[in-house]
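Here the structure comes first, spelled out in structure tokens, and everything after it is commentary.
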Amino acid sequence: MRRMAFTQAADDALGQAMAADPRIILWGEDVPVIRRTLLVRFGPDRVRGTPISESAFLGAGVAAAMAGLCPVVEIYMVDFLGVCMDALLNHAAKVEAFSGGQWRVPLVVRVACGGGYGDGGQHEQSLWGWLAHIPGLAVVVPATPADAGGLLTAALQHDGPVVFLEHEMMYGLEFDVP
């Protein structure tokens, strides 16, 4: 057993997956800073920062997935998914059905959510119920660091879009992880 923080477990799982599969790329706002160890390990071709334009870089993630990559797109807070729902709802979640199974979108959208830490009504939402009602979209909400690592590993192996919601109140907590 190892004592790990929630984000550390998810980042560890992502690093292992990136080492095993060169198609996995990571991008999002502040990613080179927040995921510094992954940037150092895999370089700027696979770990990239983006401008503040969630709809643009999530849309690019959908296109990259359809082109054969396995993008992990980080959206800073779940509240910002609202501005990029076209890419998520009308493209990523439906392309497999609309193409008769010929196209897949192996995309992981990693996003912080939840309330209780003082960011107010615009940055403390828990939208997993809303997202879970979108056909073709998988939604996961890990509750422990072991869940975070295991569910992120499973999400990266899934051949469709997955929204990986991380409750911000979990970030500082440490647990024993097998």
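Letters for chains follow the order of the structure tokens (A, B, ...), residue numbers begin at 1 for each chain, and ligand numbers begin at 1 in the order shown.
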So that I can see what lies close to Tyr76 of chain A, please list as a PyMOL selection string the residues with an atom at most 7 Å from it, counting only C-alpha atoms and leaving out residues fewer than 4 positions away in the same chain.
chain A and resi 29+111-112
Each residue of segment 43-121 of chain A lying at most 10 Å from segment 138-161 of chain A should get a row with its shortest atom-to-atom pair and the distance in Å to one decimal, counting only C-alpha atoms; could you produce that, ordered by chain and increasing number, as a Markdown table?
```
| residue | atom | partner | partner_atom | distance |
| --- | --- | --- | --- | --- |
| A:Val62 | CA | A:Pro161 | CA | 8.7 |
| A:Ala65 | CA | A:Gly160 | CA | 9.2 |
| A:Cys70 | CA | A:Leu156 | CA | 7.5 |
| A:Pro71 | CA | A:Leu156 | CA | 8.8 |
| A:Val72 | CA | A:Leu156 | CA | 8.3 |
| A:Leu88 | CA | A:Pro161 | CA | 8.2 |
| A:Leu89 | CA | A:Pro161 | CA | 10.0 |
| A:His91 | CA | A:Pro161 | CA | 9.9 |
| A:Ala92 | CA | A:Pro161 | CA | 6.2 |
| A:Ala93 | CA | A:Pro161 | CA | 6.3 |
| A:Lys94 | CA | A:Pro161 | CA | 9.6 |
| A:Val95 | CA | A:Gly160 | CA | 9.5 |
| A:Glu96 | CA | A:Gly160 | CA | 8.1 |
| A:Trp103 | CA | A:Gly160 | CA | 9.6 |
| A:Arg104 | CA | A:Gly160 | CA | 6.0 |
| A:Val105 | CA | A:Gly160 | CA | 4.9 |
| A:Pro106 | CA | A:Gly160 | CA | 4.4 |
| A:Leu107 | CA | A:Pro161 | CA | 4.6 |
| A:Val108 | CA | A:Pro161 | CA | 5.8 |
| A:Val109 | CA | A:Pro161 | CA | 7.6 |
| A:Arg110 | CA | A:Leu152 | CA | 9.1 |
| A:Cys113 | CA | A:Val141 | CA | 9.6 |
```
Residue among A:Pro44, A:Leu69, A:Gly59, A:Met1 lying closest to Pro22 of chain A, counting only C-alpha atoms:
A:Leu69
List every residue of segment 8-66 of chain A that DSSP, applied to the backbone, labels as helix (DSSP H, G or I), and write the result as a PyMOL selection string.
chain A and resi 8-20+31-34+36-42+54-66
Keeping only N, CA and C atoms, write the selected residues as a short mmCIF file (atom, residue, chain, number, x, y, z; two decimals), in the first residue's frame.
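Below is the file that was written, result-v3.cif:
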```cif
data_model
loop_
_atom_site.label_atom_id
_atom_site.label_comp_id
_atom_site.auth_asym_id
_atom_site.auth_seq_id
_atom_site.Cartn_x
_atom_site.Cartn_y
_atom_site.Cartn_z
N GLN A 8 -2.83 12.89 -7.22
CA GLN A 8 -1.60 12.12 -7.46
C GLN A 8 -1.94 10.75 -8.03
N ALA A 9 -2.97 10.11 -7.52
CA ALA A 9 -3.37 8.79 -8.01
C ALA A 9 -3.85 8.87 -9.45
N ALA A 10 -4.65 9.90 -9.77
CA ALA A 10 -5.13 10.07 -11.14
C ALA A 10 -3.96 10.38 -12.08
N ASP A 11 -3.06 11.25 -11.66
CA ASP A 11 -1.91 11.60 -12.49
C ASP A 11 -0.99 10.40 -12.70
N ASP A 12 -0.84 9.58 -11.66
CA ASP A 12 -0.02 8.37 -11.77
C ASP A 12 -0.62 7.41 -12.80
N ALA A 13 -1.92 7.23 -12.74
CA ALA A 13 -2.60 6.36 -13.72
C ALA A 13 -2.45 6.92 -15.13
N LEU A 14 -2.59 8.24 -15.28
CA LEU A 14 -2.45 8.87 -16.58
C LEU A 14 -1.02 8.71 -17.10
N GLY A 15 -0.03 8.89 -16.23
CA GLY A 15 1.36 8.71 -16.64
C GLY A 15 1.66 7.29 -17.09
N GLN A 16 1.13 6.31 -16.38
CA GLN A 16 1.32 4.92 -16.78
C GLN A 16 0.69 4.65 -18.14
N ALA A 17 -0.51 5.18 -18.33
CA ALA A 17 -1.21 4.97 -19.61
C ALA A 17 -0.48 5.67 -20.75
N MET A 18 0.02 6.88 -20.50
CA MET A 18 0.76 7.60 -21.53
C MET A 18 2.05 6.88 -21.90
N ALA A 19 2.71 6.26 -20.93
CA ALA A 19 3.93 5.50 -21.20
C ALA A 19 3.64 4.27 -22.06
N ALA A 20 2.47 3.68 -21.84
CA ALA A 20 2.11 2.46 -22.57
C ALA A 20 1.50 2.74 -23.94
N VAL A 31 -2.40 23.24 -18.12
CA VAL A 31 -1.93 21.86 -18.01
C VAL A 31 -0.41 21.77 -17.84
N PRO A 32 0.40 22.56 -18.57
CA PRO A 32 1.85 22.45 -18.36
C PRO A 32 2.28 22.79 -16.93
N VAL A 33 1.50 23.59 -16.22
CA VAL A 33 1.81 23.94 -14.84
C VAL A 33 1.23 22.91 -13.88
N ILE A 34 -0.05 22.61 -14.04
CA ILE A 34 -0.74 21.69 -13.14
C ILE A 34 -0.21 20.26 -13.27
N ARG A 36 2.85 19.32 -14.40
CA ARG A 36 4.27 19.56 -14.70
C ARG A 36 5.07 18.27 -14.83
N THR A 37 4.84 17.32 -13.94
CA THR A 37 5.61 16.06 -14.02
C THR A 37 5.32 15.32 -15.32
N LEU A 38 4.08 15.39 -15.81
CA LEU A 38 3.76 14.75 -17.08
C LEU A 38 4.39 15.49 -18.25
N LEU A 39 4.45 16.82 -18.16
CA LEU A 39 5.10 17.61 -19.21
C LEU A 39 6.59 17.26 -19.29
N VAL A 40 7.24 17.19 -18.14
CA VAL A 40 8.67 16.86 -18.11
C VAL A 40 8.89 15.45 -18.66
N ARG A 41 8.02 14.54 -18.31
CA ARG A 41 8.18 13.14 -18.71
C ARG A 41 7.89 12.90 -20.19
N PHE A 42 6.83 13.57 -20.72
CA PHE A 42 6.38 13.26 -22.08
C PHE A 42 6.59 14.38 -23.09
N GLU A 54 -12.68 26.93 -24.14
CA GLU A 54 -13.07 25.55 -23.90
C GLU A 54 -13.74 24.92 -25.11
N SER A 55 -14.63 25.66 -25.78
CA SER A 55 -15.33 25.07 -26.93
C SER A 55 -14.34 24.73 -28.04
N ALA A 56 -13.31 25.55 -28.22
CA ALA A 56 -12.33 25.28 -29.28
C ALA A 56 -11.48 24.06 -28.94
N PHE A 57 -10.92 24.00 -27.73
CA PHE A 57 -10.01 22.89 -27.47
C PHE A 57 -10.73 21.58 -27.17
N LEU A 58 -11.97 21.62 -26.69
CA LEU A 58 -12.72 20.37 -26.57
C LEU A 58 -13.13 19.88 -27.96
N GLY A 59 -13.53 20.81 -28.82
CA GLY A 59 -13.84 20.43 -30.20
C GLY A 59 -12.63 19.83 -30.90
N ALA A 60 -11.45 20.40 -30.66
CA ALA A 60 -10.22 19.86 -31.23
C ALA A 60 -9.94 18.47 -30.67
N GLY A 61 -10.29 18.25 -29.39
CA GLY A 61 -10.13 16.93 -28.80
C GLY A 61 -11.00 15.88 -29.47
N VAL A 62 -12.23 16.26 -29.80
CA VAL A 62 -13.13 15.34 -30.52
C VAL A 62 -12.52 14.99 -31.87
N ALA A 63 -12.04 16.00 -32.60
CA ALA A 63 -11.42 15.76 -33.90
C ALA A 63 -10.18 14.88 -33.77
N ALA A 64 -9.35 15.14 -32.76
CA ALA A 64 -8.14 14.34 -32.55
C ALA A 64 -8.49 12.89 -32.25
N ALA A 65 -9.55 12.67 -31.47
CA ALA A 65 -9.99 11.31 -31.16
C ALA A 65 -10.46 10.60 -32.43
N MET A 66 -11.21 11.31 -33.26
CA MET A 66 -11.68 10.71 -34.51
C MET A 66 -10.54 10.43 -35.47
#
```
Atom CA of Gly100 of chain A and atom CA of Gly136 of chain A are how many Å apart?
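Those two atoms sit 12.9 Å apart.
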Smallest atom-to-atom distance to Arg46 of chain A: which of A:Leu137, A:Ile24, A:Ala67, A:Ala97, using only C-alpha atoms?
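Using only C-alpha atoms, the shortest distance to Arg46 of chain A belongs to A:Ile24.
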